[in-house]
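Pasted below: run-v8.pdb, PDB, C-alpha atoms, pLDDT in the B column.
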```pdb
ATOM      1  CA  MET A   1     -17.882 -48.893   0.520  1.00 80.00           C
ATOM      2  CA  GLU A   2     -18.297 -46.209  -2.123  1.00 86.00           C
ATOM      3  CA  GLN A   3     -18.197 -43.509   0.561  1.00 88.00           C
ATOM      4  CA  ILE A   4     -14.925 -44.915   1.951  1.00 86.00           C
ATOM      5  CA  ILE A   5     -13.297 -44.854  -1.471  1.00 85.00           C
ATOM      6  CA  TYR A   6     -14.516 -41.308  -2.079  1.00 86.00           C
ATOM      7  CA  GLN A   7     -13.104 -40.124   1.261  1.00 85.00           C
ATOM      8  CA  LEU A   8      -9.805 -41.845   0.519  1.00 80.00           C
ATOM      9  CA  VAL A   9      -9.479 -40.174  -2.869  1.00 81.00           C
ATOM     10  CA  ALA A  10     -10.641 -36.806  -1.528  1.00 87.00           C
ATOM     11  CA  ASN A  11      -8.034 -36.698   1.270  1.00 89.00           C
ATOM     12  CA  PHE A  12      -4.920 -37.368  -0.815  1.00 91.00           C
ATOM     13  CA  ASP A  13      -3.333 -35.804  -3.867  1.00 91.00           C
ATOM     14  CA  PHE A  14      -1.897 -38.713  -5.811  1.00 91.00           C
ATOM     15  CA  ALA A  15      -0.039 -36.456  -8.248  1.00 93.00           C
ATOM     16  CA  LEU A  16       1.835 -34.821  -5.366  1.00 94.00           C
ATOM     17  CA  MET A  17       2.695 -38.224  -3.904  1.00 94.00           C
ATOM     18  CA  LEU A  18       4.018 -39.375  -7.272  1.00 94.00           C
ATOM     19  CA  VAL A  19       6.114 -36.237  -7.770  1.00 96.00           C
ATOM     20  CA  ILE A  20       7.563 -36.482  -4.246  1.00 96.00           C
ATOM     21  CA  ASN A  21       8.522 -40.122  -4.800  1.00 94.00           C
ATOM     22  CA  VAL A  22       9.998 -39.566  -8.263  1.00 94.00           C
ATOM     23  CA  ILE A  23      12.083 -36.554  -7.243  1.00 96.00           C
ATOM     24  CA  THR A  24      13.224 -38.211  -4.008  1.00 95.00           C
ATOM     25  CA  TYR A  25      14.212 -41.326  -5.971  1.00 92.00           C
ATOM     26  CA  GLY A  26      16.122 -39.206  -8.499  1.00 93.00           C
ATOM     27  CA  ILE A  27      18.053 -37.316  -5.824  1.00 95.00           C
ATOM     28  CA  ILE A  28      18.897 -40.473  -3.869  1.00 92.00           C
ATOM     29  CA  LYS A  29      19.933 -42.259  -7.070  1.00 90.00           C
ATOM     30  CA  PHE A  30      22.193 -39.281  -7.915  1.00 93.00           C
ATOM     31  CA  ILE A  31      23.748 -39.434  -4.420  1.00 91.00           C
ATOM     32  CA  ASP A  32      24.121 -43.197  -4.872  1.00 87.00           C
ATOM     33  CA  ASP A  33      25.999 -42.708  -8.156  1.00 88.00           C
ATOM     34  CA  VAL A  34      28.213 -39.903  -6.789  1.00 90.00           C
ATOM     35  CA  ASN A  35      29.155 -41.930  -3.689  1.00 85.00           C
ATOM     36  CA  GLY A  36      30.731 -44.675  -5.780  1.00 82.00           C
ATOM     37  CA  ASP A  37      30.854 -47.892  -3.778  1.00 81.00           C
ATOM     38  CA  LYS A  38      29.376 -46.371  -0.618  1.00 85.00           C
ATOM     39  CA  VAL A  39      25.781 -47.339   0.041  1.00 85.00           C
ATOM     40  CA  PRO A  40      23.416 -44.431   0.880  1.00 86.00           C
ATOM     41  CA  THR A  41      22.440 -44.598   4.533  1.00 89.00           C
ATOM     42  CA  THR A  42      18.880 -44.781   5.739  1.00 89.00           C
ATOM     43  CA  TRP A  43      19.245 -41.363   7.356  1.00 94.00           C
ATOM     44  CA  GLN A  44      20.483 -39.829   4.107  1.00 92.00           C
ATOM     45  CA  LYS A  45      17.395 -41.185   2.355  1.00 92.00           C
ATOM     46  CA  ARG A  46      15.067 -39.920   5.096  1.00 94.00           C
ATOM     47  CA  ILE A  47      16.588 -36.449   5.092  1.00 97.00           C
ATOM     48  CA  VAL A  48      16.326 -36.251   1.300  1.00 96.00           C
ATOM     49  CA  PHE A  49      12.677 -37.314   1.520  1.00 96.00           C
ATOM     50  CA  LEU A  50      11.856 -34.771   4.240  1.00 97.00           C
ATOM     51  CA  ILE A  51      13.500 -31.884   2.399  1.00 97.00           C
ATOM     52  CA  THR A  52      11.849 -32.892  -0.870  1.00 97.00           C
ATOM     53  CA  ALA A  53       8.415 -33.265   0.733  1.00 97.00           C
ATOM     54  CA  ILE A  54       8.647 -29.913   2.532  1.00 96.00           C
ATOM     55  CA  VAL A  55       9.876 -28.008  -0.521  1.00 97.00           C
ATOM     56  CA  LEU A  56       7.341 -29.595  -2.871  1.00 96.00           C
ATOM     57  CA  GLY A  57       4.546 -29.131  -0.312  1.00 95.00           C
ATOM     58  CA  ILE A  58       5.316 -25.412  -0.091  1.00 96.00           C
ATOM     59  CA  ILE A  59       5.520 -25.071  -3.872  1.00 95.00           C
ATOM     60  CA  TYR A  60       2.310 -27.059  -4.311  1.00 94.00           C
ATOM     61  CA  LYS A  61       0.451 -24.896  -1.785  1.00 94.00           C
ATOM     62  CA  TYR A  62       1.718 -21.714  -3.417  1.00 94.00           C
ATOM     63  CA  TYR A  63       0.711 -22.692  -6.964  1.00 94.00           C
ATOM     64  CA  THR A  64      -2.500 -24.663  -6.386  1.00 92.00           C
ATOM     65  CA  ASP A  65      -5.689 -24.228  -4.414  1.00 91.00           C
ATOM     66  CA  VAL A  66      -5.352 -27.600  -2.659  1.00 90.00           C
ATOM     67  CA  SER A  67      -5.923 -27.382   1.087  1.00 92.00           C
ATOM     68  CA  ILE A  68      -2.996 -27.788   3.446  1.00 94.00           C
ATOM     69  CA  HIS A  69      -4.399 -30.916   5.116  1.00 93.00           C
ATOM     70  CA  ILE A  70      -4.471 -32.738   1.766  1.00 93.00           C
ATOM     71  CA  ILE A  71      -0.861 -31.702   1.121  1.00 93.00           C
ATOM     72  CA  ILE A  72       0.198 -32.899   4.581  1.00 94.00           C
ATOM     73  CA  ASN A  73      -1.699 -36.180   4.182  1.00 93.00           C
ATOM     74  CA  SER A  74      -0.067 -36.735   0.795  1.00 94.00           C
ATOM     75  CA  CYS A  75       3.408 -36.009   2.168  1.00 94.00           C
ATOM     76  CA  ILE A  76       2.852 -38.446   5.029  1.00 94.00           C
ATOM     77  CA  ILE A  77       1.565 -41.266   2.810  1.00 93.00           C
ATOM     78  CA  ALA A  78       4.167 -40.795   0.027  1.00 94.00           C
ATOM     79  CA  PRO A  79       6.858 -43.002   1.666  1.00 92.00           C
ATOM     80  CA  VAL A  80       4.238 -45.670   2.345  1.00 92.00           C
ATOM     81  CA  ALA A  81       3.251 -45.639  -1.327  1.00 89.00           C
ATOM     82  CA  TRP A  82       6.931 -45.940  -2.216  1.00 87.00           C
ATOM     83  CA  SER A  83       7.485 -48.895   0.133  1.00 86.00           C
ATOM     84  CA  TRP A  84       4.379 -50.820  -0.840  1.00 89.00           C
ATOM     85  CA  LEU A  85       4.029 -50.016  -4.546  1.00 86.00           C
ATOM     86  CA  ALA A  86       7.019 -48.422  -6.230  1.00 84.00           C
ATOM     87  CA  LYS A  87       9.931 -50.100  -4.427  1.00 83.00           C
ATOM     88  CA  PRO A  88       8.872 -53.650  -5.374  1.00 85.00           C
ATOM     89  CA  ILE A  89       8.617 -52.495  -8.991  1.00 85.00           C
ATOM     90  CA  ALA A  90      12.050 -50.825  -8.804  1.00 81.00           C
ATOM     91  CA  ILE A  91      13.560 -54.011  -7.365  1.00 82.00           C
ATOM     92  CA  LYS A  92      11.935 -56.135 -10.067  1.00 86.00           C
ATOM     93  CA  PHE A  93      13.387 -53.933 -12.841  1.00 85.00           C
ATOM     94  CA  GLY A  94      16.779 -53.700 -11.117  1.00 81.00           C
ATOM     95  CA  ILE A  95      16.718 -49.913 -10.697  1.00 80.00           C
ATOM     96  CA  ASP A  96      16.787 -49.824  -6.896  1.00 75.00           C
ATOM     97  CA  TYR A  97      19.596 -48.283  -4.828  1.00 72.00           C
ATOM     98  CA  LYS A  98      22.757 -50.142  -3.842  1.00 64.00           C
ATOM     99  CA  LYS A  99      22.445 -52.562  -0.934  1.00 67.00           C
ATOM    100  CA  ASN A 100      24.876 -53.654   1.756  1.00 59.00           C
ATOM    101  CA  LYS A 101      26.257 -57.047   0.888  1.00 55.00           C
TER     102      LYS A 101
END
```
Would you mind writing the file out in structure tokens?
Amino acid sequence: MEQIIYQLVANFDFALMLVINVITYGIIKFIDDVNGDKVPTTWQKRIVFLITAIVLGIIYKYYTDVSIHIIINSCIIAPVAWSWLAKPIAIKFGIDYKKNK
């Protein structure tokens, strides 16, 4: 069990995942506020995430010595971490995006 946990921690960069999620949330929240009553579409959110993940992945690779497979793994798992961990917290505190009624 200890080996599994070590491998899990060694193959992801949790700081990168957090930064990707925070910046993506901030950009989508900004778009949400600028749109007024319009609800951000799922595709808008996905495109914002992809652009954010790619840009931050490139920056992270350029400024750190983290291997590319860890950066890719972190970018792939970031939306999962958002869905399972951060989104329920955002909903609970009432800071989530607008929803269709």
Result set, the PyMOL selection byres ((chain A and resi 41-51) around 9) on current file, as JSON, numbers by chain: {"A": [20, 21, 23, 24, 25, 27, 28, 38, 39, 40, 52, 53, 54, 55, 56, 75, 79]}
Kindly save the residues from that selection, with C-alpha atoms included, as a PDB file, in the coordinates of the input.
```pdb
ATOM      1  CA  ILE A  20       7.563 -36.482  -4.246  1.00 96.00           C
ATOM      2  CA  ASN A  21       8.522 -40.122  -4.800  1.00 94.00           C
ATOM      3  CA  ILE A  23      12.083 -36.554  -7.243  1.00 96.00           C
ATOM      4  CA  THR A  24      13.224 -38.211  -4.008  1.00 95.00           C
ATOM      5  CA  TYR A  25      14.212 -41.326  -5.971  1.00 92.00           C
ATOM      6  CA  ILE A  27      18.053 -37.316  -5.824  1.00 95.00           C
ATOM      7  CA  ILE A  28      18.897 -40.473  -3.869  1.00 92.00           C
ATOM      8  CA  LYS A  38      29.376 -46.371  -0.618  1.00 85.00           C
ATOM      9  CA  VAL A  39      25.781 -47.339   0.041  1.00 85.00           C
ATOM     10  CA  PRO A  40      23.416 -44.431   0.880  1.00 86.00           C
ATOM     11  CA  THR A  52      11.849 -32.892  -0.870  1.00 97.00           C
ATOM     12  CA  ALA A  53       8.415 -33.265   0.733  1.00 97.00           C
ATOM     13  CA  ILE A  54       8.647 -29.913   2.532  1.00 96.00           C
ATOM     14  CA  VAL A  55       9.876 -28.008  -0.521  1.00 97.00           C
ATOM     15  CA  LEU A  56       7.341 -29.595  -2.871  1.00 96.00           C
ATOM     16  CA  CYS A  75       3.408 -36.009   2.168  1.00 94.00           C
ATOM     17  CA  PRO A  79       6.858 -43.002   1.666  1.00 92.00           C
TER      18      PRO A  79
END
```
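Of the residues listed (A:Ala10, A:Ile91, A:Ile4, A:Ala86), A:Ala10 shows the shortest atom-to-atom separation from Val66 (chain A); distances use only C-alpha atoms.
Surrounding residues of (4.4, -44.9, 0.7) at most 12 Å away are Phe14, Met17, Leu18, Ile20, Asn21, Val22, Phe49, Asn73, Ser74, Cys75, Ile76, Ile77, Ala78, Pro79, Val80, Ala81, Trp82, Ser83, Trp84, Leu85, Ala86, Lys87 and Pro88 of chain A (based on all atoms listed in the file).
Across A:Gly57, A:Met1, A:Ile95, A:Asn35, the tightest approach to His69 (chain A) is made by A:Gly57 when counting only C-alpha atoms.
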Interatomic distance (Å, one decimal) between CA of Ile58 (chain A) and CA of Ile71 (chain A):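 Atom-to-atom, CA of Ile58 (chain A) and CA of Ile71 (chain A) are spaced 8.9 Å apart.
We find CA of Ile68 (chain A) and CA of Ala15 (chain A) to be spaced 14.9 Å apart.
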Point-to-point distance in Å for CA of Ile89 (chain A) and CA of Phe12 (chain A):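 Result for CA of Phe12 (chain A) versus CA of Ile89 (chain A): 21.9 Å, one decimal.
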